[in-house]
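S.K.: Here it is, the structure, as structure tokens.
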Amino acid sequence: MKLSHKELEIQSGQFGKVRKLAFEHQMQVGKFFDAQSFVEISQVHIMADTEALGLAGIEYLENLAQYPDPQKKVWVPTITDPRGSDLKSFKKIKQNKRFVDMEKRAIDAFKQLNVMMTDTCINYQVFMPPVKGEHLAFGDTGSSIYANSVLGARTNFEGGPSALAASLTGRTPMYGLHLEQNRIPNKFFNLNVRPTNFSDWGALGGIIGKQMNSYWDIPIIYGIDFKPTSDELKHFGAAMASFGSTPMFHIVGVTPEDHLAQNKNPKMNKISLSDLNNFYKSYLPKDDHLDVVVFAAPQLSLNEMRILSELLDGKKIHPKVSLLVCTPSAVKVLCDKNGISKKIENSGGIILEGVCFYNMHAREIGEANGWKRLMSNSAKIINILGGYGYETILNSMEKCVISACQGKIVK
């Protein structure tokens, strides 16, 4: 790999042992992906909840934080993905205190490294939204696909250790989605159905994601004749990344790099209303039993929280069903200020701050509460929690609220 003068200095230890170790990690990643060089980055979004970290990962963070090196602070703005515990509300969902104590240890270590505890997967809606052409090191798949696709920034899916290394060196290996030739679409879809809500967008993302063969497949979508909102594209990308490990998509007339399409006569994959309906049907159980409704993955924006609060206003969650809502701490403050939190909580809903349900040790929480059947309007969480022992149902936000209040699945 071709190294700059500063990178040679980092490698030689002139900026401290911690940065040297981080750079050595990045060299191995770069060599694996045949990177020719490094690229400087402007910010890092690190996914390092305790379910992903485990005790070994926490100890690794603590060792870095406690290492006698005055130059161990991050070099570029670094923010965190959702945590694995809401330190104020964990008792409401019977989360084991062992996981809470693990979170406290991880948080303390991050703060010693000057990592900012934003605890959100929708950083592009809340903190420092990147701009076209900006090079990043983002770890969360949902934030990465949004940054690449909707904003035209450039990042790969950075694993926790790689994202941390990037924060300490201010650069990342130049491979994958940092290179324009890897952003050219090679899968082509025509939508013959108009999505009408967030779950429709997630379902369409899931349908397309299932047809991707590898991380290197980049789809382009035709047939969208209107401008989707940020929240709609958020659900679309998060589901596509979940079902297909897909880092980027293009939508003709919507996303900033749709001009990269080079094939003038592509083989088009058509998506119809029946495809959308069949996706929903694939998650429908045989009876109407329901245990818990979850709004998360991605966390809810301020506008989603407002919509949900209006749907719940004056209603009560059925005593046999729990309703959980995950949102960033920064959004929760605004919800409190605008009376949104009060409407949700008065209905019996539980707002979880700075977390996302699937990375909260959701299997153990389900077992502690006796939850088996779970409904959400997020296709991403429906996909993930199927592997955590839950029977999952995808439905619109409106139907999720109706179901939670009636205590049974409403189709």
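Ligands are numbered from 1 in the order shown, residues from 1 within each chain, and chains are lettered A, B, ... in the order they appear in the structure tokens.
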For range 388-393 of chain A, list every protein, DNA or RNA residue within 8 Å, evaluated using only C-alpha atoms, and leave out those in the same chain fewer than 3 positions away; present the list as a PyMOL selection string.
M.R.: chain A and resi 280+283-285+362-363+371-376+382-385
S.K.: Extract, using only C-alpha atoms, all DNA, RNA and protein residues at most 10 Å from Leu164 in chain A, discarding same-chain residues fewer than 6 positions from it, and format them as a list in words.
M.R.: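 Returned residues: Ala22, Val44, His45, Ile46, Met47, Ala48, Leu61, Val74, Thr78, Phe110, Leu113, Val115, Ala137, Gly139, Glu158 and Gly170 of chain A.
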S.K.: Using only C-alpha atoms, determine which residues lie at most 10 Å from Ala297 in chain A, disregarding the query and same-chain residues fewer than 5 positions distant; provide the list as a PyMOL selection string.
M.R.: chain A and resi 82+121-122+142+234-235+238-239+326-327+355-359+376-382+384
S.K.: CA of Glu180 in chain A and CA of Gly253 in chain A, how far apart in Å?
M.R.: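 Between CA of Gly253 in chain A and CA of Glu180 in chain A the gap is 19.1 Å.
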S.K.: Write out as a PyMOL selection string the set of residues from range 221-353 of chain A that DSSP, computed on the backbone, places in strand (DSSP E or B).
M.R.: chain A and resi 221-222+250-251+268-271+292-295+322-327+350-353
S.K.: Ranking A:Ile221, A:Asp313, A:Ile307, A:Ser149 by minimum distance to Gly237 in chain A and counting only C-alpha atoms, which one comes first?
M.R.: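 Counting only C-alpha atoms, the residue closest to Gly237 in chain A is A:Ser149.
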S.K.: Between A:Ile220, A:Met128, A:Val401, A:Ile208, which one has atoms that come closest to Asp275 in chain A, using only C-alpha atoms?
M.R.: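 Closest to Asp275 in chain A, using only C-alpha atoms: A:Ile208.
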S.K.: When you look at Ser144 in chain A with a cut-off of 7 Å (counting only C-alpha atoms), what residues show up, excluding the ones that are within fewer than 3 positions of it in the same chain? I need them as a ChimeraX atom specification.
M.R.: /A:138-141,147-148,155-157,247
S.K.: When you look at Gln71 in chain A with a cut-off of 12 Å (counting only C-alpha atoms), what residues show up, excluding the ones that are within fewer than 3 positions of it in the same chain? I need them as an mmCIF file with C-alpha atoms, in the first residue's frame.
M.R.:
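What follows is the written file selection_6.cif:
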data_model
loop_
_atom_site.group_PDB
_atom_site.id
_atom_site.type_symbol
_atom_site.label_atom_id
_atom_site.label_comp_id
_atom_site.auth_asym_id
_atom_site.auth_seq_id
_atom_site.Cartn_x
_atom_site.Cartn_y
_atom_site.Cartn_z
ATOM 1 C CA ILE A 10 1.626 6.916 12.439
ATOM 2 C CA GLY A 13 4.675 5.265 16.409
ATOM 3 C CA GLN A 14 5.360 9.018 16.307
ATOM 4 C CA PHE A 15 1.721 9.661 17.273
ATOM 5 C CA GLY A 16 1.629 7.120 20.074
ATOM 6 C CA LYS A 17 1.308 3.372 20.533
ATOM 7 C CA VAL A 18 -2.514 3.327 20.385
ATOM 8 C CA ARG A 19 -2.615 4.972 16.946
ATOM 9 C CA LYS A 20 0.175 2.676 15.761
ATOM 10 C CA LEU A 64 -7.196 1.086 25.101
ATOM 11 C CA ALA A 65 -8.818 3.671 27.358
ATOM 12 C CA GLN A 66 -6.487 2.888 30.256
ATOM 13 C CA TYR A 67 -3.310 2.584 28.161
ATOM 14 C CA PRO A 68 -0.634 5.072 29.323
ATOM 15 C CA VAL A 74 -9.919 10.027 18.667
ATOM 16 C CA TRP A 75 -8.705 12.282 15.859
ATOM 17 C CA GLN A 112 -12.099 8.234 27.932
ATOM 18 C CA LEU A 113 -11.300 8.020 24.211
ATOM 19 C CA ASN A 114 -13.392 11.167 23.526
ATOM 20 C CA LEU A 168 -7.853 7.046 15.939
ATOM 21 C CA THR A 169 -6.036 7.506 12.633
#
S.K.: Taking only C-alpha atoms into account, name the residue in A:Ile344, A:Leu334, A:Leu324, A:Leu311 that is nearest to Lys399 in chain A.
M.R.: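 Using only C-alpha atoms, the shortest distance to Lys399 in chain A belongs to A:Leu311.
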S.K.: Within 12 Å of Ser309 in chain A, counting only C-alpha atoms, which residues qualify if same-chain residues fewer than 4 places away don't, as a PyMOL selection string?
M.R.: chain A and resi 300+302-305+313-316+325+335-336+338-351+397-398+401
S.K.: Measure the distance from CA of Ser167 in chain A to CA of Ile145 in chain A in Å and round it to one decimal.
M.R.: 19.6 Å
S.K.: Within 8 Å of Thr172 in chain A, counting only C-alpha atoms, which residues qualify if same-chain residues fewer than 6 places away don't, as a count of residues only?
M.R.: 7
S.K.: Considering only C-alpha atoms, can you say which of A:Met212, A:Gly54, A:Pro228, A:Ile317 comes closest to Asn197 in chain A?
M.R.: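 Of all the options, A:Pro228 lies closest to Asn197 in chain A.
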S.K.: What gap, in Å, lies between CA of Ala330 in chain A and CA of Leu312 in chain A?
M.R.: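 Going from CA of Ala330 in chain A over to CA of Leu312 in chain A covers 21.6 Å.
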